[in-house]
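Participant: One structure, as structure tokens, below. Some questions next.
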Amino acid sequence: MEILVCVKRVPVPGVRFVLTEDEREIVTRNLGFTISPHEECAVEAAVQLVEQHGGSSTVLTMGEPAAVEQLRFAISMGVNEAVLIETDGGECDAAATTAAIVEAVRAEQSAGVPFDALLFGNESADAGNYQVGLGVAHALNLPCVVGIKALDVQADGSVVAKREIAEGWEVYELALPAVFTVKEGVNLPRYPLLRGRLAAKKKEIKTYPAQGPGEAGLEMMAFKNPQETASQVEVLGEGPGAAPRVAALLQEMGVL
Amino acid sequence: MVLAFLELEQGEISELSLQMLNLAADIAAQMNTGVQAVLVGEDGRTAAGDLAAYGISEVHVVEHEELVDYAPEALAQGLLQLMAALQPKALIAAGSDRGNELLARVSVRGELPMAANCIAASAGEGLRVTRVRWGGSLLEEAVLRGCPALLTVMAHMLAPIEASPAGSEPNISSFQTTLNADDLRVRVTAREPVGGGVSLNNAPVVVSGGRGVGSAEGFDILEKLAGQLGAAVGCSRAVTNNGWRPHSDQVGQTGAQISPELYIACGISGAIQHMSGCRGAKRILAVNTDPEAPILQRANYAVTGDLHEVLPALSAEIDKLA
Ligand SMILES: Cc1cc2nc3c(=O)[nH]c(=O)nc-3n(C[C@H](O)[C@H](O)[C@H](O)COP(=O)(O)OP(=O)(O)OC[C@H]3O[C@@H](n4cnc5c(N)ncnc54)[C@H](O)[C@@H]3O)c2cc1C
Ligand SMILES: Nc1ncnc2c1ncn2[C@@H]1O[C@H](COP(=O)(O)O)[C@@H](O)[C@H]1O
């Protein structure tokens, strides 16, 4: 099986983001970077599918050159190949991101074996557009199941994907090739071992240039920090001695 | 006109849809127009009558003989056809899993931009929206170009629209969708219900544990308390990452977004990504050894101390009262 997994480099949020003066960017000087938990699970799913069914996996990101850090992280988890669509770091809207990824996927497919499964996060950690996986699927005319928390490839090549909802599970059956956007919980991602980390350092990363973004359909004007009004917290007590007061409060609330 | 896609929960208009209607009504008023509703299938038709209370006089029920269970591509196609017929200025849905999925599908199929998780909008040249990013760490002001404007409304940030008893029965019309085979490639083919227990999503009380619980067995005392309170058990990502609880228990940006009457957070520091899942809680009680923990900024009540001592003492106290 040939698997593609797409990840997005994002700063690790602290208690509060510091913004540039024009409020159009986050000051990332003192921040680390990561990928969404959903995407970490998508990477794990790609590695597991190859472990179970053979073939190879490729991780792809569109971002600034420093985004190789996130590609190498995926390699250290066991992904085989890495592709960077290199930008100057500015943010693109979902349509532009989709178009760039579709172009790279087409280039990769014509150079090698077509992908059987393309994995995305359900939504990116920072933008949360919910669109890129669906957009890529649409452009490639592939079916796409979103928000899955279980993925099983059967012996006959068909797939059972499941989505968790309040009342239980929704089951989807379809044939590959297909696109899946996954949610955290589809698996428990492994922690990269030293051997993987060393291999990742040496891995050659294929790079495509990104086109400049066109006119955005959703154009970011400014970021704002949410106004948090701290609640008036009532301290009910310290340690086990607080139990009677808590119980009285629960009674008052009608919870008991 | 602004078209509002409504979801049902046990046959009734969902809480998140009612929150969404609040913003839908606001946008419609700014555009000097009204809100019309879209519902799906037989169940939708049954629930349509309830809309009188929310001042909605036109309801469109999207129907197709194949739309018996959830088929998102087909539904998106149905919404695009309905939009072509009605020419709304905006299509708006709740920022639920389903709302975000459907509007994103409409967005890519219709080549229309979409703004997810909005909390405010002002009409002008394009729609100027404020939306939640980073699960709540940051707000974004953006201009949404494209007509109809596609937007979803962030869960548990707006109050539900108020019901007024005076409304008259809405006019319900059926909209028959035309589908091809590709539209039905993605559809629910089976359902697996979960058995019993109090569900995290609609439990009135949630007892939630974080890294401070220390182990999978550590959750026994949370289970005990939850049992006494008829509560569900939740947890933080630190807990699911350690494999102590299944991910279905996780509250937060990449977990469940819940709105219980009371959220009891034990050994949880209160990271924004966690709080983004319990923002809808009416009250929060924090149990934490650290009197400076960020959760105390959001909590209404706090007990400082070791949860391993506080919770058993509380359970014993409740037993005494019973
Ligand atoms: C994109 C993204 C998405 C995320 N999504 C989620 C999400 O959905 N849900 C989520 O929870 N997190 C999420 N996170 C992670 C989040 O940032 C925090 O890392 C996580 O919530 C921390 O969990 P915690 O509070 O249990 O652990 P910690 O932050 O380690 O806090 C432990 C707390 O327990 C207290 N404590 C320790 N021992 C005891 C004791 N014996 N008794 C009482 N108190 C004690 C400590 O004082 C501390 O306050 C996400 C992060 C990112 C980047
Ligand atoms: N710049 C990017 N590079 C690679 N993949 C991306 C990028 N942006 C988004 N994605 C993928 O698309 C998913 C959905 O993103 P979004 O539509 O922004 O919510 C993410 O979880 C990633 O898997």
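Lettering and numbering for the structure tokens are positional, with chains as A, B, ... in the shown order, residues counted from 1 in each chain, and ligands counted from 1 in the shown order.
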Would you tabulate, counting only C-alpha atoms, all residues of chain B that have an atom at most 7 Å from an atom of chain A, showing the closest pair of atoms and their distance in Å to one decimal, sorted by chain then ascending number, as CSV?
Facilitator:
residue,atom,partner,partner_atom,distance
B:Asn100,CA,A:Tyr130,CA,6.6
B:Glu101,CA,A:Tyr130,CA,6.9
B:Ala104,CA,A:Gln131,CA,5.3
B:Arg105,CA,A:Leu134,CA,6.6
B:Val108,CA,A:Gly135,CA,5.4
B:Pro113,CA,A:Gly217,CA,5.0
B:Met114,CA,A:Leu218,CA,6.9
B:Ala115,CA,A:Leu218,CA,6.8
B:Ala116,CA,A:Asn129,CA,5.8
B:Arg133,CA,A:Ala127,CA,5.7
B:Trp134,CA,A:Asp126,CA,4.5
B:Ser137,CA,A:Arg16,CA,6.8
B:Leu138,CA,A:Asn225,CA,5.1
B:Leu139,CA,A:Lys224,CA,5.0
B:Glu140,CA,A:Phe223,CA,4.5
B:Glu141,CA,A:Ala222,CA,5.2
B:Ala142,CA,A:Met220,CA,4.3
B:Val143,CA,A:Glu219,CA,5.1
B:Leu144,CA,A:Leu218,CA,4.6
B:Arg145,CA,A:Gly217,CA,5.1
B:Gly146,CA,A:Gly217,CA,6.8
B:Arg185,CA,A:Pro143,CA,6.3
B:Val186,CA,A:Pro143,CA,6.4
B:Arg187,CA,A:Tyr172,CA,6.1
B:Val188,CA,A:Tyr172,CA,5.0
B:Thr189,CA,A:Tyr172,CA,5.6
B:Ala190,CA,A:Val171,CA,5.0
B:Arg191,CA,A:Glu170,CA,4.8
B:Glu192,CA,A:Trp169,CA,4.9
B:Pro193,CA,A:Gly168,CA,4.2
B:Val194,CA,A:Gly168,CA,4.6
B:Asn201,CA,A:Ala166,CA,6.4
B:Leu229,CA,A:Leu256,CA,6.1
B:His247,CA,A:Gly185,CA,5.0
B:Thr254,CA,A:Glu184,CA,6.5
B:Ile272,CA,A:Val15,CA,7.0
B:Leu296,CA,A:Val233,CA,6.6
B:Gln297,CA,A:Ala230,CA,4.9
B:Arg298,CA,A:Ser231,CA,5.2
B:Ala299,CA,A:Val233,CA,5.8
B:Asn300,CA,A:Val233,CA,4.5
B:Tyr301,CA,A:Glu234,CA,4.7
B:Ala302,CA,A:Val235,CA,4.7
B:Val303,CA,A:Gly237,CA,5.3
B:Thr304,CA,A:Glu238,CA,4.8
B:Gly305,CA,A:Gly239,CA,4.4
B:Asp306,CA,A:Gly239,CA,6.4
B:Glu309,CA,A:Pro240,CA,5.6
B:Val310,CA,A:Pro240,CA,4.3
B:Ala313,CA,A:Pro240,CA,5.4
B:Leu314,CA,A:Ala243,CA,4.6
B:Glu317,CA,A:Pro244,CA,6.3
B:Ile318,CA,A:Ala247,CA,6.3
Participant: Compile the contact shell of stretch 60-64 of chain A as a ChimeraX atom specification: residues with an atom at most 6 Å away, counting only C-alpha atoms, same-chain residues fewer than 5 positions apart removed.
Facilitator: /A:6-8,82-89
Participant: Compile the contact shell of B:Ala53 as a ChimeraX atom specification: residues with an atom at most 7 Å away, counting only C-alpha atoms, same-chain residues fewer than 3 positions apart removed.
Facilitator: /B:50,163-167
Participant: Counting only C-alpha atoms and all ligand atoms, what are the residues, protein, DNA or RNA alike, that approach ligand 1 to within 6 Å? I want them as number ranges by chain.
Facilitator: A: 12, 36-37, 125; B: 210-212, 236-238, 250-255, 266-271, 273-274, 287-290, 293, 305-308
Participant: Would you output that residue set with C-alpha atoms, as a PDB file, in the first residue's frame?
Facilitator:
ATOM      1  CA  VAL A  12       2.962  25.280  20.560  1.00  0.00           C
ATOM      2  CA  SER A  36      -2.011  18.697  15.677  1.00  0.00           C
ATOM      3  CA  PRO A  37      -2.751  15.631  17.822  1.00  0.00           C
ATOM      4  CA  ALA A 125      -4.567  22.874  15.137  1.00  0.00           C
TER       5      ALA A 125
ATOM      6  CA  GLY B 210      -5.866  14.918  34.617  1.00  0.00           C
ATOM      7  CA  ARG B 211      -2.233  13.992  34.990  1.00  0.00           C
ATOM      8  CA  GLY B 212      -2.610  14.532  38.721  1.00  0.00           C
ATOM      9  CA  SER B 236      -7.448  15.481  29.879  1.00  0.00           C
ATOM     10  CA  ARG B 237      -5.141  14.662  27.012  1.00  0.00           C
ATOM     11  CA  ALA B 238      -2.291  13.932  29.405  1.00  0.00           C
ATOM     12  CA  GLN B 250     -11.102  13.222  26.494  1.00  0.00           C
ATOM     13  CA  VAL B 251     -12.431  16.729  26.924  1.00  0.00           C
ATOM     14  CA  GLY B 252     -10.906  19.543  24.880  1.00  0.00           C
ATOM     15  CA  GLN B 253      -9.965  20.957  21.502  1.00  0.00           C
ATOM     16  CA  THR B 254      -9.273  17.532  20.034  1.00  0.00           C
ATOM     17  CA  GLY B 255     -11.725  15.708  22.275  1.00  0.00           C
ATOM     18  CA  CYS B 266      -9.372  16.943  39.406  1.00  0.00           C
ATOM     19  CA  GLY B 267      -5.631  17.220  38.862  1.00  0.00           C
ATOM     20  CA  ILE B 268      -6.112  19.173  35.634  1.00  0.00           C
ATOM     21  CA  SER B 269      -3.985  22.294  35.128  1.00  0.00           C
ATOM     22  CA  GLY B 270      -6.477  24.040  32.838  1.00  0.00           C
ATOM     23  CA  ALA B 271      -4.607  24.464  29.543  1.00  0.00           C
ATOM     24  CA  GLN B 273      -6.909  23.359  24.779  1.00  0.00           C
ATOM     25  CA  HIS B 274      -8.546  21.547  27.650  1.00  0.00           C
ATOM     26  CA  VAL B 287      -9.460  20.094  42.906  1.00  0.00           C
ATOM     27  CA  ASN B 288      -5.761  20.829  42.606  1.00  0.00           C
ATOM     28  CA  THR B 289      -2.648  20.767  44.784  1.00  0.00           C
ATOM     29  CA  ASP B 290      -1.420  23.970  43.160  1.00  0.00           C
ATOM     30  CA  ALA B 293      -2.995  26.414  38.640  1.00  0.00           C
ATOM     31  CA  GLY B 305      -5.230  19.606  48.057  1.00  0.00           C
ATOM     32  CA  ASP B 306      -4.391  16.113  46.909  1.00  0.00           C
ATOM     33  CA  LEU B 307      -7.273  14.636  44.928  1.00  0.00           C
ATOM     34  CA  HIS B 308      -6.364  11.204  46.307  1.00  0.00           C
TER      35      HIS B 308
END
Participant: Give me the residues within 10 Å of B:Gly197 as a ChimeraX atom specification, counting only C-alpha atoms and dropping any in the same chain fewer than 3 places off.
Facilitator: /B:194,200,203,227,230-232
Participant: Which residue is closest to A:Gly214? Choose from A:Leu151, A:Ala99, A:Leu140, A:Cys41 and count only C-alpha atoms.
Facilitator: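 Smallest separation from A:Gly214 among the options: A:Ala99.
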Participant: Considering only C-alpha atoms, state which residue in the set A:Pro209, A:Gly112, A:Pro177, A:Pro192 is at the smallest distance from A:Gly78.
Facilitator: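 Of the candidates, the smallest distance to A:Gly78 is held by A:Pro192.
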Participant: Of the candidates B:Leu103, B:Leu285, B:Ile92, B:Ala85, which shows the shortest atom-to-atom distance to ligand 2, using only C-alpha atoms and all ligand atoms?
Facilitator: B:Leu103
Participant: Rank A:Gly121, A:Val105, A:Gln52, A:Glu44 by their smallest atom-to-atom distance to ligand 2, using only C-alpha atoms and all ligand atoms, and report the top residue only.
Facilitator: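 Of all the options, A:Gly121 lies closest to ligand 2.
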Participant: Taking the DSSP secondary structure from the backbone, can you list the residues of stretch 78-129 of chain A that are helix (DSSP H, G or I), as a short mmCIF file (atom, residue, chain, number, x, y, z; two decimals) with C-alpha atoms, in the first residue's frame?
Facilitator:
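Done, and the output landed in selection-v8.cif:
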data_model
loop_
_atom_site.label_atom_id
_atom_site.label_comp_id
_atom_site.auth_asym_id
_atom_site.auth_seq_id
_atom_site.Cartn_x
_atom_site.Cartn_y
_atom_site.Cartn_z
CA ALA A 94 -7.77 26.43 2.72
CA ALA A 95 -8.31 26.65 -1.05
CA ALA A 96 -4.71 27.70 -1.75
CA THR A 97 -3.35 25.01 0.59
CA THR A 98 -5.53 22.42 -1.10
CA ALA A 99 -4.39 23.47 -4.58
CA ALA A 100 -0.71 23.28 -3.63
CA ILE A 101 -1.10 19.85 -2.04
CA VAL A 102 -3.06 18.53 -5.04
CA GLU A 103 -0.32 19.67 -7.38
CA ALA A 104 2.39 17.95 -5.33
CA VAL A 105 0.31 14.77 -5.04
CA ARG A 106 -0.12 14.67 -8.81
CA ALA A 107 3.62 15.16 -9.32
CA GLU A 108 4.42 12.43 -6.80
CA GLN A 109 1.89 10.04 -8.33
CA SER A 110 3.18 10.50 -11.86
CA ALA A 111 6.73 9.87 -10.62
#
Participant: Just list the residues in stretch 156-314 of chain B DSSP gives strand (DSSP E) on the backbone, as a PyMOL selection string.
Facilitator: chain B and resi 171-176+188-193+205-209+232-235+262-266+283-288+301-304
